[in-house]
Structure formats: C-alpha cells, structure tokens
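Q: For reference, this is final38.txt, and it has compact mmCIF, C-alpha atoms.
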```
# COMPACT_ATOMS: atom_id res chain seq x y z
CA MET A 208 -41.66 7.13 42.62
CA GLY A 209 -43.43 8.93 39.86
CA PHE A 210 -41.91 11.41 37.46
CA ASN A 211 -43.39 14.63 36.17
CA GLY A 212 -40.89 16.09 33.76
CA GLU A 213 -37.95 16.09 36.14
CA LEU A 214 -34.45 15.60 34.80
CA VAL A 215 -33.33 12.16 35.81
CA HIS A 216 -29.85 10.75 36.05
CA LEU A 217 -29.25 7.21 34.78
CA GLY A 218 -26.47 5.81 36.95
CA VAL A 219 -26.59 2.05 36.59
CA VAL A 220 -28.14 -0.56 34.30
CA ARG A 221 -28.39 -4.17 35.28
CA MET A 222 -29.76 -6.94 33.14
CA ARG A 223 -30.17 -10.65 32.88
CA ALA A 224 -28.65 -11.50 29.51
CA ILE A 225 -27.23 -14.60 27.88
CA GLY A 226 -25.85 -15.06 24.39
CA SER A 227 -22.64 -15.04 22.42
CA GLY A 228 -20.35 -12.16 21.55
CA ASN A 229 -20.53 -8.66 22.91
CA LEU A 230 -23.73 -6.84 23.81
CA LEU A 231 -23.41 -3.19 22.94
CA THR A 232 -25.50 -0.74 24.98
CA ASP A 233 -26.33 2.92 24.52
CA ALA A 234 -28.55 5.45 26.28
CA HIS A 235 -30.69 7.74 24.16
CA SER A 236 -32.92 10.74 24.75
CA LEU A 237 -36.20 11.53 23.03
CA ASP A 238 -35.66 11.70 19.26
CA ASP A 239 -31.94 11.24 19.99
CA ALA A 240 -31.95 15.02 20.30
CA SER A 241 -29.07 15.11 22.76
CA ASN A 242 -25.91 13.14 22.30
CA SER A 243 -26.39 9.48 23.06
CA SER A 244 -24.13 7.89 25.61
CA VAL A 245 -22.17 4.78 24.72
CA LEU A 246 -22.16 2.45 27.68
CA PRO A 247 -19.66 -0.34 28.34
CA ASP A 248 -20.06 -3.56 26.37
CA ILE A 249 -21.27 -6.70 28.09
CA PRO A 250 -19.43 -9.93 27.15
CA LEU A 251 -22.13 -12.56 26.65
CA LEU A 252 -22.08 -16.15 27.82
CA ALA A 253 -24.51 -18.90 26.89
CA ALA A 254 -24.97 -19.70 30.55
CA THR A 255 -24.20 -17.48 33.51
CA ASN A 256 -25.23 -16.91 37.10
CA ARG A 257 -24.41 -13.20 36.98
CA GLU A 258 -26.42 -10.12 36.12
CA PRO A 259 -23.76 -7.64 35.05
CA THR A 260 -23.91 -4.06 36.25
CA ILE A 261 -23.16 -1.35 33.72
CA LEU A 262 -22.20 2.07 34.97
CA ALA A 263 -23.82 4.97 33.14
CA ASN A 264 -23.86 8.72 33.48
CA PHE A 265 -26.67 10.10 31.37
CA ILE A 266 -29.09 12.90 32.23
CA ASP A 267 -32.34 13.76 30.47
CA GLN A 268 -36.05 13.92 31.02
CA ARG A 269 -36.75 10.71 29.09
CA ILE A 270 -34.08 8.00 28.72
CA GLN A 271 -34.18 4.95 26.49
CA LEU A 272 -31.73 2.04 26.53
CA GLU A 273 -30.62 0.44 23.25
CA ILE A 274 -29.02 -2.98 23.08
CA ARG A 275 -27.59 -4.71 20.02
CA THR A 276 -24.98 -7.05 18.59
CA THR A 277 -22.96 -6.27 15.48
CA GLU A 278 -20.97 -9.32 14.41
CA ILE A 279 -22.05 -12.38 12.48
CA ASP A 280 -23.28 -15.32 14.65
CA GLU A 281 -23.67 -13.15 17.75
CA TRP A 282 -26.99 -13.49 19.60
CA PHE A 283 -28.60 -12.47 22.85
CA GLU A 284 -31.61 -13.24 25.05
CA ILE A 285 -32.60 -10.72 27.70
CA SER A 286 -35.17 -11.52 30.34
CA LYS A 287 -34.70 -8.58 32.71
CA ILE A 288 -33.50 -5.00 32.49
CA VAL A 289 -33.29 -2.70 35.48
CA MET A 290 -32.40 0.96 34.97
CA PHE A 291 -31.47 2.83 38.13
CA VAL A 292 -32.45 6.47 37.83
CA ARG A 293 -32.75 9.37 40.24
CA PRO A 294 -34.34 12.75 39.71
CA ILE A 295 -31.80 15.53 40.01
CA ALA A 296 -33.62 18.60 38.76
CA THR A 297 -37.18 19.76 38.40
CA GLY A 298 -36.77 20.69 34.77
CA TYR A 299 -34.74 22.59 32.17
CA PRO A 300 -34.34 26.33 32.78
CA GLN A 301 -36.43 28.64 30.69
CA MET B 228 15.06 9.70 4.34
CA GLY B 229 17.78 7.22 3.45
CA THR B 230 20.20 6.22 0.77
CA TYR B 231 19.79 3.74 -2.05
CA GLN B 232 22.23 1.98 -4.34
CA VAL B 233 21.34 0.18 -7.57
CA ASP B 234 24.40 -1.90 -8.36
CA ILE B 235 23.43 -5.17 -9.99
CA CYS B 236 22.91 -5.18 -13.76
CA VAL B 237 20.99 -8.07 -15.24
CA SER B 238 21.36 -7.65 -18.99
CA VAL B 239 23.63 -6.37 -21.72
CA GLY B 240 22.15 -4.09 -24.35
CA THR B 241 23.77 -2.34 -27.25
CA LYS B 242 27.51 -2.86 -27.60
CA THR B 243 30.12 -2.06 -30.22
CA GLY B 244 33.62 -3.46 -30.22
CA GLU B 245 35.04 -6.49 -28.51
CA TRP B 246 34.20 -6.09 -24.86
CA GLU B 247 35.55 -8.82 -22.64
CA GLY B 248 34.85 -9.95 -19.11
CA GLU B 249 37.04 -12.14 -16.93
CA ASN B 250 38.01 -14.39 -19.84
CA THR B 251 35.50 -14.09 -22.66
CA GLY B 252 32.98 -11.69 -24.13
CA ALA B 253 29.95 -13.65 -23.05
CA ASP B 254 27.16 -11.48 -21.65
CA ALA B 255 27.29 -13.29 -18.32
CA GLU B 256 30.98 -12.36 -17.94
CA LEU B 257 30.35 -8.77 -18.98
CA ILE B 258 27.60 -8.50 -16.38
CA ALA B 259 29.76 -10.14 -13.72
CA GLY B 260 32.59 -7.76 -14.56
CA ILE B 261 30.62 -4.54 -14.31
CA ASN B 262 28.85 -5.74 -11.14
CA ASN B 263 32.02 -6.75 -9.33
CA GLN B 264 32.96 -4.37 -6.55
CA VAL B 265 36.64 -5.28 -6.39
CA ILE B 266 39.34 -5.81 -9.00
CA ASP B 267 42.88 -7.08 -8.91
CA ALA B 268 45.09 -4.06 -9.40
CA VAL B 269 47.91 -5.85 -11.20
CA LEU B 270 46.27 -8.53 -13.30
CA LEU B 271 42.90 -6.83 -13.61
CA LYS B 272 41.24 -10.05 -12.58
CA GLY B 273 38.45 -10.46 -10.05
CA GLY B 274 35.97 -9.09 -12.49
CA LYS B 275 36.57 -6.59 -15.23
CA LEU B 276 35.14 -5.28 -18.41
CA HIS B 277 37.33 -3.85 -21.16
CA ILE B 278 37.94 -3.67 -24.88
CA ALA B 279 39.90 -6.74 -25.94
CA SER B 280 40.68 -6.08 -29.58
CA PRO B 281 44.35 -6.02 -30.65
CA SER B 282 44.02 -2.32 -31.34
CA ALA B 283 41.80 -0.41 -29.02
CA VAL B 284 41.77 2.71 -31.20
CA GLY B 285 38.21 3.82 -31.78
CA THR B 286 34.96 4.71 -29.99
CA TRP B 287 33.18 1.84 -28.30
CA LEU B 288 29.85 1.62 -26.54
CA ILE B 289 28.25 -0.84 -24.16
CA ARG B 290 24.94 -0.52 -22.33
CA PHE B 291 23.62 -2.47 -19.38
CA GLY B 292 20.08 -2.95 -18.16
CA PHE B 293 18.16 -3.53 -14.93
CA ASP B 294 14.73 -5.07 -14.40
CA GLN B 295 11.87 -4.68 -11.95
CA ASN B 296 11.86 -8.22 -10.59
CA SER B 297 15.51 -8.86 -9.69
CA ASP B 298 16.98 -7.97 -6.30
CA ILE B 299 19.20 -5.09 -7.37
CA ILE B 300 18.41 -2.21 -5.01
CA SER B 301 19.96 -1.79 -1.57
CA LEU B 302 18.33 0.65 0.83
CA ASP B 303 20.59 1.98 3.58
CA GLY B 304 23.04 -0.87 3.11
CA ALA B 305 20.41 -3.55 3.66
CA PRO B 306 20.20 -6.71 1.50
CA HIS B 307 19.07 -6.08 -2.03
CA ILE B 308 15.41 -6.01 -2.97
CA SER B 309 13.61 -5.67 -6.27
CA TYR B 310 11.92 -2.59 -7.64
CA ASN B 311 8.56 -4.33 -7.20
CA ASN B 312 9.28 -4.79 -3.48
CA LEU B 313 10.15 -1.21 -2.70
CA PRO B 314 8.20 0.08 0.29
CA ALA B 315 4.94 1.87 -0.35
CA GLY B 316 5.43 5.57 -0.93
CA PHE B 317 9.07 5.14 -1.99
CA GLY B 318 10.44 8.01 -4.07
CA ILE B 319 13.92 9.27 -4.92
CA LEU B 320 15.21 12.81 -4.72
CA ALA B 321 16.97 14.75 -7.48
CA ASP B 322 20.48 13.62 -6.58
CA ALA B 323 20.98 10.36 -8.49
CA VAL B 324 24.61 9.75 -9.47
CA LEU B 325 26.16 7.08 -11.71
CA THR B 326 29.62 6.01 -10.55
CA ILE B 327 31.89 3.48 -12.28
CA GLY B 328 35.20 2.15 -11.07
CA SER B 329 38.12 1.94 -13.48
CA ARG B 330 41.69 0.64 -13.62
CA GLY B 331 44.10 0.25 -16.50
CA SER B 332 46.42 2.20 -18.79
CA VAL B 333 45.05 4.87 -21.08
CA THR B 334 46.90 7.37 -23.23
CA THR B 335 46.05 10.83 -22.04
CA GLY B 336 45.52 13.79 -24.26
CA GLY B 337 43.19 12.12 -26.68
CA SER B 338 41.13 9.50 -25.06
CA SER B 339 37.79 10.28 -23.50
CA LEU B 340 34.90 8.59 -21.83
CA LYS B 341 31.20 9.36 -21.59
CA LEU B 342 28.73 7.83 -19.18
CA GLN B 343 25.10 7.40 -20.20
CA SER B 344 21.90 7.05 -18.26
CA GLY B 345 19.20 6.69 -20.89
CA PRO B 346 20.38 5.93 -24.44
CA LEU B 347 19.90 9.59 -25.37
CA THR B 348 21.37 11.06 -22.20
CA GLU B 349 25.09 11.16 -21.58
CA SER B 350 27.67 13.10 -19.72
CA ALA B 351 30.17 15.48 -21.18
CA ALA B 352 33.45 13.89 -22.22
CA LEU B 353 35.34 12.95 -19.07
CA PRO B 354 39.13 12.96 -18.90
CA PHE B 355 40.05 9.36 -19.53
CA VAL B 356 43.01 8.14 -17.51
CA GLY B 357 43.96 4.78 -16.12
CA GLY B 358 44.11 3.45 -12.58
CA ILE B 359 41.49 5.66 -10.95
CA GLY B 360 39.88 3.08 -8.69
CA ALA B 361 36.41 2.32 -7.43
CA ASN B 362 35.22 5.91 -7.62
CA GLY B 363 36.72 6.44 -11.03
CA TYR B 364 34.05 8.23 -13.04
CA VAL B 365 30.99 10.07 -11.83
CA PHE B 366 27.96 11.31 -13.76
CA ALA B 367 25.19 13.23 -11.97
CA LEU B 368 21.97 12.23 -13.72
CA PRO B 369 20.03 15.10 -15.29
CA VAL B 370 17.17 16.50 -13.21
CA PHE B 371 15.01 18.05 -15.90
CA PRO B 372 12.72 16.21 -15.49
CA VAL B 373 13.63 14.65 -12.14
CA PRO B 374 14.20 10.93 -12.75
CA THR B 375 12.16 8.39 -10.82
CA MET B 376 13.41 5.01 -9.67
CA LEU B 377 11.34 3.52 -12.48
CA ASP B 378 13.23 5.72 -14.96
CA ILE B 379 16.54 4.45 -13.57
CA ILE B 380 15.39 0.85 -13.80
CA ASN B 381 14.03 1.26 -17.33
CA ASP B 382 16.98 3.29 -18.66
CA GLY B 383 19.91 1.30 -17.35
CA PHE B 384 23.27 2.93 -18.13
CA GLY B 385 26.05 2.89 -20.69
CA ILE B 386 29.78 3.50 -21.16
CA GLU B 387 31.19 5.07 -24.29
CA THR B 388 34.98 4.96 -24.53
CA THR B 389 37.27 6.60 -27.04
CA TYR B 390 40.79 5.21 -27.23
CA THR B 391 43.50 6.93 -29.25
CA GLY B 392 46.35 4.58 -28.45
CA ALA B 393 46.49 1.10 -29.91
CA THR B 394 47.50 -0.39 -26.58
CA ASP B 395 45.10 1.66 -24.46
CA PHE B 396 42.92 -0.33 -22.14
CA SER B 397 40.82 0.24 -19.08
CA ALA B 398 38.91 -2.17 -16.95
CA PHE B 399 35.52 -1.00 -15.70
CA TYR B 400 33.83 -2.37 -12.63
CA PHE B 401 31.52 -1.60 -9.68
CA ALA B 402 28.95 0.42 -11.62
CA ARG B 403 26.26 1.80 -9.36
CA ILE B 404 23.60 4.47 -9.19
CA THR B 405 23.23 6.05 -5.79
CA GLY B 406 21.20 8.79 -4.20
CA THR B 407 18.73 9.73 -1.51
CA TYR B 408 15.22 8.39 -1.12
CA THR B 409 12.27 9.30 0.99
CA THR B 410 8.93 7.75 1.77
CA PHE B 411 5.99 9.87 0.82
CA ALA B 412 2.66 9.73 2.63
CA PHE B 413 -0.39 10.57 0.60
CA SER B 414 -4.04 10.81 1.49
CA TRP B 415 -7.08 9.51 -0.37
CA ASP B 416 -10.68 8.52 0.32
CA MET B 417 -12.45 5.30 -0.63
CA SER B 418 -16.18 5.77 -0.44
CA GLN B 419 -17.13 2.16 0.30
CA ASP B 420 -14.18 1.20 2.46
CA GLY B 421 -15.11 -1.67 4.75
CA GLU B 422 -18.57 -2.12 3.26
CA ASN B 423 -20.33 -4.76 1.22
CA ALA B 424 -20.28 -4.51 -2.54
CA ALA B 425 -21.73 -6.43 -5.45
CA VAL B 426 -20.55 -7.23 -8.95
CA GLY B 427 -21.20 -4.24 -11.17
CA GLU B 428 -21.26 -1.78 -8.31
CA LEU B 429 -19.43 1.50 -8.88
CA ILE B 430 -16.51 2.03 -6.50
CA THR B 431 -15.10 5.54 -6.10
CA ILE B 432 -11.67 6.65 -4.92
CA THR B 433 -11.09 10.38 -4.49
CA SER B 434 -8.04 12.51 -3.79
CA GLU B 435 -7.24 16.19 -3.39
CA PHE B 436 -4.13 16.13 -5.52
CA SER B 437 -5.22 19.10 -7.63
CA ILE B 438 -5.33 21.37 -4.58
CA ASP B 439 -2.79 19.69 -2.28
CA PRO B 440 -0.30 17.73 -4.42
CA ALA B 441 2.28 17.46 -1.66
CA ASN B 442 0.00 15.39 0.59
CA SER B 443 -2.48 13.74 -1.77
CA MET B 444 -2.25 10.70 -4.00
CA ASP B 445 -2.07 11.35 -7.75
CA LEU B 446 -4.61 8.81 -9.00
CA THR B 447 -3.32 8.98 -12.58
CA HIS B 448 -0.08 7.26 -11.60
CA VAL B 449 -1.47 4.22 -9.83
CA THR B 450 -2.84 0.87 -10.85
CA LEU B 451 -5.58 -0.59 -8.64
CA SER B 452 -5.90 -4.28 -8.03
CA MET B 453 -7.83 -6.86 -6.05
CA ALA B 454 -7.00 -10.54 -5.80
CA CYS B 455 -10.35 -11.55 -7.32
CA GLY B 456 -10.09 -9.74 -10.65
CA ILE B 457 -8.64 -7.11 -12.94
CA ILE B 458 -9.74 -3.54 -12.27
CA VAL B 459 -10.41 -1.39 -15.31
CA PRO B 460 -10.87 2.33 -14.60
CA ILE B 461 -13.94 4.09 -15.90
CA ILE B 462 -12.68 7.50 -14.82
CA GLN B 463 -9.04 8.08 -13.89
CA THR B 464 -7.94 11.63 -13.18
CA THR B 465 -5.60 13.05 -10.57
CA ASP B 466 -8.52 13.39 -8.15
CA LEU B 467 -10.93 10.64 -9.17
CA PHE B 468 -10.71 6.92 -9.88
CA THR B 469 -13.89 4.91 -10.48
CA PHE B 470 -14.40 1.32 -11.52
CA LEU B 471 -17.07 -1.38 -11.52
CA VAL B 472 -16.59 -4.47 -9.41
CA PRO B 473 -15.67 -7.10 -12.07
CA ASP B 474 -17.73 -10.23 -12.71
CA SER B 475 -14.83 -12.42 -11.63
CA CYS B 476 -15.23 -11.06 -8.10
CA ASP B 477 -18.71 -12.52 -7.60
CA ASP B 478 -18.90 -13.98 -4.09
CA ALA B 479 -15.20 -13.23 -3.53
CA GLY B 480 -15.77 -12.20 0.09
CA LEU B 481 -13.33 -9.85 1.80
CA GLN B 482 -11.01 -8.19 -0.71
CA THR B 483 -8.28 -5.62 -0.22
CA LEU B 484 -8.08 -2.86 -2.82
CA THR B 485 -4.43 -2.05 -3.48
CA ALA B 486 -2.86 0.87 -5.33
CA THR B 487 0.54 0.33 -6.94
CA GLY B 488 2.53 3.43 -7.86
CA ASP B 489 4.23 3.59 -11.24
CA GLY B 490 7.27 5.34 -9.79
CA THR B 491 6.26 8.86 -10.77
CA GLN B 492 4.89 9.89 -7.40
CA PHE B 493 5.77 6.79 -5.44
CA SER B 494 6.79 3.19 -5.87
CA GLY B 495 5.46 0.13 -4.13
CA SER B 496 1.92 -0.69 -3.12
CA VAL B 497 -0.47 0.66 -0.52
CA ALA B 498 -3.81 -0.73 0.64
CA LEU B 499 -6.62 1.74 -0.07
CA GLY B 500 -9.33 -0.15 1.78
CA THR B 501 -11.43 -3.32 1.81
CA LEU B 502 -14.63 -4.51 0.19
CA THR B 503 -16.73 -7.54 1.03
CA ILE B 504 -18.05 -8.74 -2.29
CA LEU B 505 -21.31 -10.64 -2.04
CA LEU B 506 -23.16 -13.03 -4.26
CA THR B 507 -25.11 -11.37 -7.00
CA ASN B 508 -28.77 -12.17 -7.51
CA ALA B 509 -28.90 -13.37 -3.94
CA SER B 510 -32.55 -12.55 -3.30
CA GLY B 511 -35.07 -15.35 -3.27
CA ILE B 512 -37.12 -17.36 -0.82
CA TYR B 513 -36.36 -16.47 2.79
CA THR B 514 -36.76 -19.36 5.20
CA LEU B 515 -36.76 -18.83 8.95
CA VAL B 516 -34.72 -21.42 10.79
CA PRO B 517 -35.06 -21.49 14.60
CA GLY B 518 -31.79 -20.74 16.36
CA LYS B 519 -29.95 -19.80 13.17
CA ARG B 520 -27.63 -16.87 13.80
CA GLN B 521 -26.94 -15.73 10.25
CA ASP B 522 -28.44 -15.41 6.78
CA THR B 523 -27.28 -17.89 4.15
CA TYR B 524 -27.17 -16.86 0.51
CA TYR B 525 -27.13 -19.45 -2.25
CA SER B 526 -25.18 -18.71 -5.39
CA SER B 527 -27.11 -17.74 -8.50
CA HIS B 528 -24.82 -20.16 -10.34
CA ARG B 529 -26.85 -22.98 -8.80
CA ASP B 530 -23.76 -24.93 -7.90
CA GLY B 531 -24.58 -25.27 -4.21
CA THR B 532 -22.14 -22.54 -3.20
CA THR B 533 -23.29 -20.60 -0.16
CA VAL B 534 -22.03 -17.71 1.88
CA ASP B 535 -23.09 -16.71 5.38
CA ILE B 536 -23.91 -13.06 5.93
CA LYS B 537 -24.52 -11.51 9.31
CA ILE B 538 -28.06 -10.45 10.20
CA PRO B 539 -27.86 -6.65 10.25
CA ASP B 540 -27.26 -5.63 13.88
CA PRO B 541 -30.11 -7.20 15.88
CA THR B 542 -31.25 -4.29 18.03
CA GLY B 543 -33.75 -3.70 20.82
CA ARG B 544 -34.81 -0.56 22.61
CA THR B 545 -36.62 -0.20 25.91
CA GLY B 546 -39.42 2.23 26.52
CA PHE B 547 -38.57 5.67 27.88
CA VAL B 548 -37.87 6.02 31.58
CA GLY B 549 -38.93 9.32 33.15
CA GLY B 550 -41.36 11.84 31.86
```
The structure given in the file should be rewritten as structure tokens.
A:
Amino acid sequence: MGFNGELVHLGVVRMRAIGSGNLLTDAHSLDDASNSSVLPDIPLLAATNREPTILANFIDQRIQLEIRTTEIDEWFEISKIVMFVRPIATGYPQ
Amino acid sequence: MGTYQVDICVSVGTKTGEWEGENTGADAELIAGINNQVIDAVLLKGGKLHIASPSAVGTWLIRFGFDQNSDIISLDGAPHISYNNLPAGFGILADAVLTIGSRGSVTTGGSSLKLQSGPLTESAALPFVGGIGANGYVFALPVFPVPTMLDIINDGFGIETTYTGATDFSAFYFARITGTYTTFAFSWDMSQDGENAAVGELITITSEFSIDPANSMDLTHVTLSMACGIIVPIIQTTDLFTFLVPDSCDDAGLQTLTATGDGTQFSGSVALGTLTILLTNASGIYTLVPGKRQDTYYSSHRDGTTVDIKIPDPTGRTGFVGG
C-alpha cells in the first residue's frame, strides 16, 4: 500500500528487542510539530522468545518511532520493528 | 495544629540567695526540683525548689536554661524530643505561656513574685501566696515581637521572689512553657534539582517570599547543608540563595541539599533537592570497550578512584512512515 499524503493512524508497534532495563518508546510527527505520543514501556530481557506488541493511538501524515533507555547500565538490541498503520483520511482540511 | 510543652530544664543560670532542692543547693537538685511535676503537700518533698536561708526576707532570683540538643519538648503529649529534632516547618503561635507550680507558706500583703522569660522580660508582680498547686503562677509571654521556639529555648526562664516575712517559704515545681504550634509549608525552587553538578558550579535556590511570604520560604533564615561539605552562601536574600559546590564534594555522588530553619519562620530541616556531584577534570582519553554499558571516569587525583556514569540516553529513531 502506498501513501500520498494521507493521514495515517498508528495502532500497533511490534519489535524484536533484547536488552536490560526498560525500553521507552514514543511516536513523533515531522519536526515534532504535533504533540508526541508516549507509548508503553517494554521491559527488556537478555533472551526472549516474544516480540512484544505495543498499543499506540497516533495520527499524522508522517510518523516516526523513537526508542531509548535512560538508566545507567541499560542496553538494547533491536533487529526488527513493525509499525502497523492505516490511512484514515485523505489529508488535512484547508 | 497541636500543642507543645517545654518542661525539662537542663541548666541553672543566674541565682541570688540560698536556693535549695530536695536536700541541698546543688544545681542538679535545683533542676530536678523545678522539673518535678508532683510535690508532697505536707513535707514539700518529691522535688522542690525554695529559699533555704534562716531568714527569707529579701528579693531572690534564679534562672533556668534549656538547650537545643536535649529531649525537652513534648508535642501533643508524645515523648519528648529535642529542638533539633522538631519536624520540618515547625512554628509556634503567639500564645506561649509560662506556668510554675507552687506550694508553701508566704506572708501576704507584702510578698510578691515575678516570672521571667528572657533576662530582660518579666511579668508584673504577681500576688504571692502559698499552697497554690501545680498551676500556681502563670505568665503569658510577650508577643511583640512574637517569640519563636528558638527564642524560648535560648531565653530559658526565671523566678524572682520577694519575701517580707522571715519564715516565708514557697516551693516551686513543674515549670513549663506551653502553647500551640503549627507546621508551615513553604515553596521554593532549586534550579539544578536532580541534575549533575561539579565542584565550583553555581547552585541557585529561589523563593517568592517577597511577594508571597505566607507560602514561600524565607531564604535568609535557613542554613543549607550537604553531607559532603560546608555550604557558604554567595548571595542570601529572602528570595535568592546561591553557593558554589565546595571542593570537598568532589566525586561525592548523590547528595541531598537540606535547609534547616533557624526558628524564625520554621524549625527543623527540609530537603530542597538532590545533586549528583561528579569528578572534576574528568575529561581525557576516551576508550571504547565492547559491551560496556557505562562511561567510567578516573579521578583527577590519580589515586585510582573511579565513578561510573550512565551513557546519556542511548536513542534511536526510525524513518518516517507515511507521506
């Protein structure tokens, strides 16, 4: 599915992540012009067979996912990120 | 709000005449006598304090003192605590009263008694009679200016007796200062609260006392402290307190900055915020170590001391979806 300026809704993020600590995730728009959305944290494990699903509810034309850790000795390795989006509008009103 | 009672003296100050406790005039007996809350009505034993000279005629004075470290203050009937352990924000209202119990035999019509708070502050002459009991004599402390608990502790109290009969005597006991207290809540702002700091860095505390004195901390009546070193103010006004992180705090790690009231606005201590004090001169050669999860700083003192610092928020961002 291609996009051409439609507003898209980010509903779910799924990723393959290992590490230690908590992985903080946020959704951002272009230039962070609209309010970013803080998504649920992902508790990290050094070894896991699960790809956690994070529920989101963010709408914009362009959406970027940010991931980070904030405490000393925390680390993460991410090998896959899947962002589930769906167009919901053709564009912003004039 | 609650009630307080300061009822345990710890020292004897000025005295004239031959004051006597249970058996002798030793200071320890005088203190025990004035602190005792009960007294034998007939024999005046069980703790007393009175003039013991063969002729009591004359004017006699004795003063007693408190201190900040002894457990002498009871709040709401609870076990005694010291002035230094009063809860943060503690302050007394303008209703402090000195009460002293008395029993004995005093000639009326000529004898008088005055109670003192500070050495220059005393009551009017009170009618001096014998056998009054635990609530014998009462002196409402002056309220211009309103005394603080620190004033009460520093001033102590005194008894000045005037006997006109040679055989007059009165035993004094159960001296206490009582009143109402409240706990004040004041606001402030610490600019670097929760952040890293280095030796020599300027730390700033601000308040809005000049525009909102009822709800803001008066920074002129506090002493700031951290466990790692002595804090010397550069600027200290009602609304601004600045200081440099002292050299002794180099590499001290997490420190809590505490403000201790001097009793004018509040007593006790309150935590203003925290600082994480790092090694100074920590820059140098940066070595990448595979799998290492933190930065390690080596002390400029070259003594092998190290401290681990977190790598600032490792962050990744995806490309933009959509468009």
Q: Give me the residues within 12 Å of Asp239 of chain A as a list in words, counting all atoms listed in the file and dropping any in the same chain fewer than 3 places off.
A: Asp233, Ala234, His235, Ser236, Asn242, Ser243, Ser244, Asp267, Arg269, Ile270, Gln271, Leu272 and Glu273 of chain A; Phe547 of chain B
Q: Give me, as a PyMOL selection string, the residues of chain A touching chain B, with the criterion being at most 9 Å (counting all atoms listed in the file).
A: chain A and resi 209-215+235-237+267-283+288+290+292+294
Q: Provide the atom CA of Gly304 of chain B to atom CA of Val373 of chain B distance in Å, to one decimal place.
A: 23.7 Å
Q: What is the atom CA of Asp420 of chain B-atom CA of Leu502 of chain B distance in Å, reported with one decimal?
A: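 Distance between the two atoms: 6.2 Å.
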Q: Just how far from atom CA of Ala498 of chain B is atom CA of Ile457 of chain B, in Å to one decimal?
A: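 Between these atoms lies a distance of 15.8 Å.
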Q: Extract, using all atoms listed in the file, all DNA, RNA and protein residues at most 8 Å from Leu252 of chain A, discarding same-chain residues fewer than 6 positions from it, and format them as a PyMOL selection string.
A: chain A and resi 225-228
Q: Would you kindly return, as a list in words, each protein, DNA or RNA residue with an atom no farther than 8 Å from any atom of Met222 of chain A, considering all atoms listed in the file and excluding same-chain residues fewer than 3 positions away?
A: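 Contacts, in chain order: Glu258, Pro259, Thr260, Ile285, Ser286, Lys287, Ile288 and Val289 of chain A.
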Q: Can you list, as a PyMOL selection string, every protein, DNA or RNA residue that comes within 8 Å of Gly358 of chain B when you count all atoms listed in the file, leaving out same-chain residues fewer than 2 positions away?
A: chain B and resi 329-332+356+360+397
Q: I'd like the contact shell of Gln419 of chain B - 12 Å cut-off, all atoms listed in the file, skipping same-chain residues fewer than 4 positions apart - returned as an NGL selection string.
A: :B and (423-425 or 428-433 or 469 or 472 or 483-484 or 499-504)
Q: For each of B:Ala315, B:Val333, B:Ser350, B:Ser452, take the minimum atom-to-atom distance to Phe493 of chain B, counting all atoms listed in the file, then give the residue where this is smallest.
A: B:Ala315
Q: Mind listing as a PyMOL selection string all residues within 8 Å of (19.4, -5.8, -22.3), counting all atoms listed in the file?
A: chain B and resi 237-241+290-293
Q: Give the padded box for segment 296-301 of chain B as lines of an AutoDock Vina configuration file: axis-aligned, covering all atoms listed in the file, 4 Å on each side, centre and edge lengths in Å to one decimal.
A:
```
center_x = 15.9
center_y = -5.3
center_z = -6.1
size_x = 16.1
size_y = 15.1
size_z = 17.0
```
Q: Can you write segment 279-291 of chain B from the block above with N, CA, C and O atoms, as a PDB file, in the first residue's frame?
A:
```pdb
ATOM      1  N   ALA B 279      16.352  28.713 101.204  1.00  0.00           N
ATOM      2  CA  ALA B 279      16.615  27.926 102.415  1.00  0.00           C
ATOM      3  C   ALA B 279      17.267  28.718 103.531  1.00  0.00           C
ATOM      4  O   ALA B 279      17.561  28.170 104.580  1.00  0.00           O
ATOM      5  N   SER B 280      17.488  29.988 103.330  1.00  0.00           N
ATOM      6  CA  SER B 280      18.214  30.743 104.357  1.00  0.00           C
ATOM      7  C   SER B 280      17.356  30.864 105.613  1.00  0.00           C
ATOM      8  O   SER B 280      16.129  30.825 105.543  1.00  0.00           O
ATOM      9  N   PRO B 281      18.008  31.067 106.772  1.00  0.00           N
ATOM     10  CA  PRO B 281      17.236  31.190 108.018  1.00  0.00           C
ATOM     11  C   PRO B 281      16.201  32.299 107.946  1.00  0.00           C
ATOM     12  O   PRO B 281      15.104  32.164 108.458  1.00  0.00           O
ATOM     13  N   SER B 282      16.535  33.411 107.314  1.00  0.00           N
ATOM     14  CA  SER B 282      15.546  34.444 107.108  1.00  0.00           C
ATOM     15  C   SER B 282      15.351  34.617 105.613  1.00  0.00           C
ATOM     16  O   SER B 282      16.292  34.881 104.878  1.00  0.00           O
ATOM     17  N   ALA B 283      14.134  34.455 105.209  1.00  0.00           N
ATOM     18  CA  ALA B 283      13.857  34.533 103.775  1.00  0.00           C
ATOM     19  C   ALA B 283      13.649  35.962 103.314  1.00  0.00           C
ATOM     20  O   ALA B 283      13.454  36.195 102.123  1.00  0.00           O
ATOM     21  N   VAL B 284      13.678  36.940 104.223  1.00  0.00           N
ATOM     22  CA  VAL B 284      13.362  38.309 103.839  1.00  0.00           C
ATOM     23  C   VAL B 284      14.344  38.787 102.775  1.00  0.00           C
ATOM     24  O   VAL B 284      15.554  38.680 102.923  1.00  0.00           O
ATOM     25  N   GLY B 285      13.792  39.321 101.691  1.00  0.00           N
ATOM     26  CA  GLY B 285      14.641  39.817 100.628  1.00  0.00           C
ATOM     27  C   GLY B 285      14.083  39.447  99.268  1.00  0.00           C
ATOM     28  O   GLY B 285      13.050  38.774  99.165  1.00  0.00           O
ATOM     29  N   THR B 286      14.764  39.878  98.214  1.00  0.00           N
ATOM     30  CA  THR B 286      14.386  39.570  96.831  1.00  0.00           C
ATOM     31  C   THR B 286      15.429  38.639  96.251  1.00  0.00           C
ATOM     32  O   THR B 286      16.621  38.951  96.277  1.00  0.00           O
ATOM     33  N   TRP B 287      14.951  37.515  95.744  1.00  0.00           N
ATOM     34  CA  TRP B 287      15.852  36.456  95.274  1.00  0.00           C
ATOM     35  C   TRP B 287      15.490  36.069  93.863  1.00  0.00           C
ATOM     36  O   TRP B 287      14.329  36.045  93.472  1.00  0.00           O
ATOM     37  N   LEU B 288      16.527  35.732  93.102  1.00  0.00           N
ATOM     38  CA  LEU B 288      16.339  35.411  91.686  1.00  0.00           C
ATOM     39  C   LEU B 288      17.019  34.095  91.359  1.00  0.00           C
ATOM     40  O   LEU B 288      18.110  33.795  91.864  1.00  0.00           O
ATOM     41  N   ILE B 289      16.383  33.322  90.511  1.00  0.00           N
ATOM     42  CA  ILE B 289      17.023  32.133  89.938  1.00  0.00           C
ATOM     43  C   ILE B 289      16.540  31.969  88.507  1.00  0.00           C
ATOM     44  O   ILE B 289      15.367  32.198  88.209  1.00  0.00           O
ATOM     45  N   ARG B 290      17.459  31.648  87.614  1.00  0.00           N
ATOM     46  CA  ARG B 290      17.116  31.446  86.205  1.00  0.00           C
ATOM     47  C   ARG B 290      17.518  30.037  85.791  1.00  0.00           C
ATOM     48  O   ARG B 290      18.525  29.486  86.276  1.00  0.00           O
ATOM     49  N   PHE B 291      16.736  29.499  84.885  1.00  0.00           N
ATOM     50  CA  PHE B 291      16.987  28.156  84.356  1.00  0.00           C
ATOM     51  C   PHE B 291      17.101  28.216  82.836  1.00  0.00           C
ATOM     52  O   PHE B 291      16.492  29.089  82.195  1.00  0.00           O
TER      53      PHE B 291
END
```
